[in-house]
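Worksheet: one structure, shown below.
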Amino acid sequence: MTDCARPVRGHSQGHGLGRTRGYEAAEILAAARRCVDPELRGAVESLPGSLRRVALYHFGWERADGTPAAGSAGKAIRPALVLAAVRALGGDPAAAARAATAVELTHNFTLLHDDVMDHDATRRHRPTAWAVFGEADAILAGDALQALAQRLLAEDPHPGAPAAAARLAACVVELCAGQQTDCALEARAPDEVTLDECLAMAEAKTGALLGCACAIGALYAGADGDTVAALDGFGRQAGLAFQLIDDVIGIWGDPARTGKPARADLVARKKSLPVVAALASGTEDGATLAALYRQDAADGDPERMARVVEGAGGRDWAQLHAADRMALALGELARAVPDPERAGGLLALAEFVTRRSR
């Protein structure tokens, strides 16, 4: 029995977080990594030399000089969602390995592009691909990964593959629209950005792909349209909770665990969700933050900004709103998979993405 097909054992008592005993997220993620890595490595190895080199570096399999490395290719949250959704609906996870790999390729396409647009210099505790190979090569490698994702689905004989390919293509358009909105919001003054705009952008940038992953898993299990839609809703809401927590980590996370400099989002003046909540708070700290955000980045004090965001309630708002979104996610999951025992893998992954600290 392959890692893809291995059942996840455990006992879950209801659709609630903290009730996923036996469904260990770390084991689910490790199994997903083992399932998709052969397909992922094969797809990357098929790229022409220069693109292959950038991609191998990005995934942590090679150093900048081309020598082998044993770095991390990421947590595999999205392919794990594909496989867990297939399993929850009684399908064969092994048959969805290509689909899970396609989702992981798409995710990494967005990472390569986002790092260029955000000028992030580090990812996974080492320089980003664009910082090593240049912006053009990183962008082109990202384009190639997205093409590989579609090729995997186009060549997959599974009956769910055509619908999955169409869904993934639509998701990429949504991801691009969300990124464009993000860039547009960053260009606006601090007091000209609303929470509703930021939440919609976060759903498009982060929630869309997690929802797509769950929906593709449902398609590969042969589920009906209502079930596919419910699992998409589960992933979207969990994804928004994920983004809220990620934005908290972007300000208050430990650099030793995140692999990024402390207060990186504040240094870059990113209008993350805790920041926008603070700006919209109507408090004295909110007004102070707006003034600090108008200063040149080189003149700012990120430690002070972090205190001001927290004083204005931005951190508390993000954490409470993440819990609210997860409650909505669990409602969608209960609609798609009424049996909590079968939903245990998806519950464990939802708990992982909203309770992580790095």
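Please note that chains go A, B, ... in the order of the structure tokens, that every chain numbers its residues from 1, and that ligands are numbered from 1 in the order shown.
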
Contact residues around segment 208-217 of chain A with only C-alpha atoms at 10 Å, ignoring same-chain residues under 5 positions, as a ChimeraX atom specification: /A:77-89,91-93,96,99-100,102-104,106-107,160-161,163-165,167-172,174-175,178,202-203,222-223,225,227-240,242,346

Test item: residues at most 12 Å from segment 41-55 of chain A, only C-alpha atoms, excluding those fewer than 5 positions along its chain, as a CSV table (one decimal) with C-alpha atoms, in the first residue's frame:
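This is the output file out_18.csv:
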chain,number,residue,atom,x,y,z
A,33,ARG,CA,5.1,14.8,0.8
A,34,ARG,CA,6.2,11.2,0.1
A,35,CYS,CA,3.3,10.7,-2.3
A,36,VAL,CA,3.8,13.8,-4.4
A,60,GLY,CA,15.4,22.9,-1.8
A,61,TRP,CA,16.8,20.0,-3.8
A,62,GLU,CA,19.9,21.9,-5.0
A,63,ARG,CA,22.2,24.6,-3.8
A,64,ALA,CA,22.8,27.7,-5.9
A,65,ASP,CA,25.9,26.1,-7.5
A,66,GLY,CA,23.9,23.1,-8.6
A,67,THR,CA,25.2,20.6,-6.0
A,68,PRO,CA,22.6,18.4,-4.3
A,73,ALA,CA,10.3,21.6,-0.4
A,98,ARG,CA,-0.9,13.7,-10.2
A,101,THR,CA,1.2,17.4,-7.5
A,102,ALA,CA,-0.4,19.8,-10.0
A,104,GLU,CA,1.6,21.9,-5.4
A,105,LEU,CA,3.3,23.0,-8.6
A,108,ASN,CA,5.1,27.1,-6.0
A,109,PHE,CA,4.4,29.1,-9.2
A,111,LEU,CA,5.6,31.7,-4.5
A,112,LEU,CA,8.2,32.3,-7.1
A,128,THR,CA,14.8,33.4,-2.6
A,129,ALA,CA,15.2,32.2,-6.2
A,130,TRP,CA,15.1,35.7,-7.7
A,131,ALA,CA,17.8,36.9,-5.2
A,132,VAL,CA,20.1,34.1,-6.5
A,133,PHE,CA,19.2,33.9,-10.2
A,134,GLY,CA,17.6,37.2,-11.0
A,135,GLU,CA,14.0,38.3,-11.4
A,136,ALA,CA,13.6,37.2,-15.0
A,137,ASP,CA,14.7,33.6,-14.4
A,138,ALA,CA,12.5,33.3,-11.2
A,139,ILE,CA,9.5,34.6,-13.1
A,140,LEU,CA,10.1,32.2,-16.0
A,141,ALA,CA,10.6,29.2,-13.7
A,142,GLY,CA,7.3,30.1,-12.1
A,143,ASP,CA,5.6,30.2,-15.5
A,144,ALA,CA,7.1,26.8,-16.3
A,145,LEU,CA,5.8,25.3,-13.0
A,146,GLN,CA,2.3,26.5,-13.8
A,147,ALA,CA,2.5,24.9,-17.3
A,148,LEU,CA,3.7,21.7,-15.8
A,149,ALA,CA,0.7,21.6,-13.5
A,150,GLN,CA,-1.7,21.8,-16.4
A,151,ARG,CA,0.3,19.2,-18.3
A,152,LEU,CA,0.1,16.7,-15.5
A,153,LEU,CA,-3.7,17.0,-15.5

Counting only C-alpha atoms, the residue of A:Val276, A:Leu266, A:Glu341, A:Thr283 that sits nearest Arg304 of chain A: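 Looking at the shortest contact to Arg304 of chain A, the residue is A:Leu266.
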
Picked from segment 74-138 of chain A by DSSP as strand (DSSP E or B), as a ChimeraX atom specification: /A:122-123,126-127

If we count only C-alpha atoms, what is near Tyr293 of chain A at a cut-off of 9 Å, once residues fewer than 6 positions away on the same chain are taken out, given as a PDB file with N, CA, C and O atoms, in the first residue's frame?
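selection-v6.pdb, freshly written:
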ATOM      1  N   ALA A 189      -2.824  54.996   0.067  1.00  0.00           N
ATOM      2  CA  ALA A 189      -2.493  55.528   1.388  1.00  0.00           C
ATOM      3  C   ALA A 189      -3.056  54.617   2.475  1.00  0.00           C
ATOM      4  O   ALA A 189      -4.056  53.918   2.254  1.00  0.00           O
ATOM      5  N   PRO A 190      -2.443  54.593   3.657  1.00  0.00           N
ATOM      6  CA  PRO A 190      -2.883  53.686   4.712  1.00  0.00           C
ATOM      7  C   PRO A 190      -4.364  53.800   5.064  1.00  0.00           C
ATOM      8  O   PRO A 190      -5.026  52.804   5.339  1.00  0.00           O
ATOM      9  N   LEU A 266       6.100  44.672   8.417  1.00  0.00           N
ATOM     10  CA  LEU A 266       6.064  46.081   8.824  1.00  0.00           C
ATOM     11  C   LEU A 266       7.171  46.873   8.147  1.00  0.00           C
ATOM     12  O   LEU A 266       6.963  48.016   7.724  1.00  0.00           O
ATOM     13  N   ARG A 269       6.105  47.758   4.923  1.00  0.00           N
ATOM     14  CA  ARG A 269       4.853  48.546   4.965  1.00  0.00           C
ATOM     15  C   ARG A 269       3.676  47.787   4.314  1.00  0.00           C
ATOM     16  O   ARG A 269       2.812  48.394   3.680  1.00  0.00           O
ATOM     17  N   GLY A 300      11.536  54.043   9.669  1.00  0.00           N
ATOM     18  CA  GLY A 300      10.576  53.458  10.590  1.00  0.00           C
ATOM     19  C   GLY A 300      11.220  52.635  11.689  1.00  0.00           C
ATOM     20  O   GLY A 300      12.372  52.208  11.592  1.00  0.00           O
ATOM     21  N   MET A 305       6.145  49.909  15.672  1.00  0.00           N
ATOM     22  CA  MET A 305       4.943  49.663  14.876  1.00  0.00           C
ATOM     23  C   MET A 305       4.215  48.410  15.338  1.00  0.00           C
ATOM     24  O   MET A 305       2.985  48.367  15.398  1.00  0.00           O
TER      25      MET A 305
END

Selected residue, from A:Pro127, A:Pro338, A:Gly286, A:Pro302, that lies nearest to Ala264 of chain A when counting only C-alpha atoms: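 Between A:Pro127, A:Pro338, A:Gly286, A:Pro302, the residue approaching Ala264 of chain A most closely is A:Pro302.
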
A:Leu244, A:Asp324, A:Ser272, A:Val267 ranked by distance to Gly207 of chain A, top pick (using only C-alpha atoms): A:Leu244

Atomic distance atom CA of Lys270 of chain A - atom CA of Arg294 of chain A, expressed in Å with one decimal: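 According to the coordinates, atom CA of Lys270 of chain A and atom CA of Arg294 of chain A are separated by 11.7 Å.
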
Using only C-alpha atoms: which of A:Met117, A:Val337, A:Ala94, A:Ala277 has the shortest distance to Glu197 of chain A: A:Ala277

8 Å contact set for Leu289 of chain A, only C-alpha atoms, chain neighbours under 4 positions out, as a ChimeraX atom specification: /A:278-279,285,293,305,308-309

Would you put the residues from that selection into a file with N, CA, C and O atoms, as an mmCIF file, in the first residue's frame?
data_model
loop_
_atom_site.group_PDB
_atom_site.id
_atom_site.type_symbol
_atom_site.label_atom_id
_atom_site.label_comp_id
_atom_site.auth_asym_id
_atom_site.auth_seq_id
_atom_site.Cartn_x
_atom_site.Cartn_y
_atom_site.Cartn_z
ATOM 1 N N ALA A 278 -5.985 47.490 12.549
ATOM 2 C CA ALA A 278 -5.509 48.538 13.454
ATOM 3 C C ALA A 278 -5.777 49.924 12.872
ATOM 4 O O ALA A 278 -6.225 50.840 13.583
ATOM 5 N N LEU A 279 -5.507 50.079 11.574
ATOM 6 C CA LEU A 279 -5.746 51.372 10.933
ATOM 7 C C LEU A 279 -7.217 51.763 10.970
ATOM 8 O O LEU A 279 -7.555 52.947 11.060
ATOM 9 N N ASP A 285 -3.865 54.718 18.746
ATOM 10 C CA ASP A 285 -2.806 53.887 18.184
ATOM 11 C C ASP A 285 -2.984 53.699 16.684
ATOM 12 O O ASP A 285 -2.001 53.649 15.930
ATOM 13 N N TYR A 293 3.197 54.625 8.978
ATOM 14 C CA TYR A 293 3.206 53.973 7.665
ATOM 15 C C TYR A 293 3.484 54.957 6.532
ATOM 16 O O TYR A 293 3.875 54.545 5.442
ATOM 17 N N MET A 305 6.145 49.909 15.672
ATOM 18 C CA MET A 305 4.943 49.663 14.876
ATOM 19 C C MET A 305 4.215 48.410 15.338
ATOM 20 O O MET A 305 2.985 48.367 15.398
ATOM 21 N N VAL A 308 2.254 49.254 18.339
ATOM 22 C CA VAL A 308 1.106 50.098 18.008
ATOM 23 C C VAL A 308 -0.008 49.267 17.374
ATOM 24 O O VAL A 308 -1.195 49.452 17.687
ATOM 25 N N VAL A 309 0.346 48.353 16.462
ATOM 26 C CA VAL A 309 -0.661 47.480 15.856
ATOM 27 C C VAL A 309 -1.382 46.680 16.941
ATOM 28 O O VAL A 309 -2.622 46.574 16.938
#

Option closest in space to Arg126 of chain A, from A:Ala256, A:Leu273, A:Ala312, A:Ala184 [counting only C-alpha atoms]: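 Distance minimum relative to Arg126 of chain A lands on A:Ala256.
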
Every residue of segment 121-349 of chain A that DSSP places in alpha helix (DSSP H), as an MDAnalysis selection string: chainID A and resid 129:133 135:154 161:186 195:202 208:220 225:252 255:258 264:267 273:279 284:294 302:311 314:336 344:349

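Computed from the coordinates, the atom CA of Leu29 of chain A to atom CA of Ala76 of chain A distance equals 6.0 Å.
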
Best match for closeness to Gly331 of chain A among A:Ala95, A:Leu199, A:Ala280, A:Leu347, counting only C-alpha atoms: A:Leu347
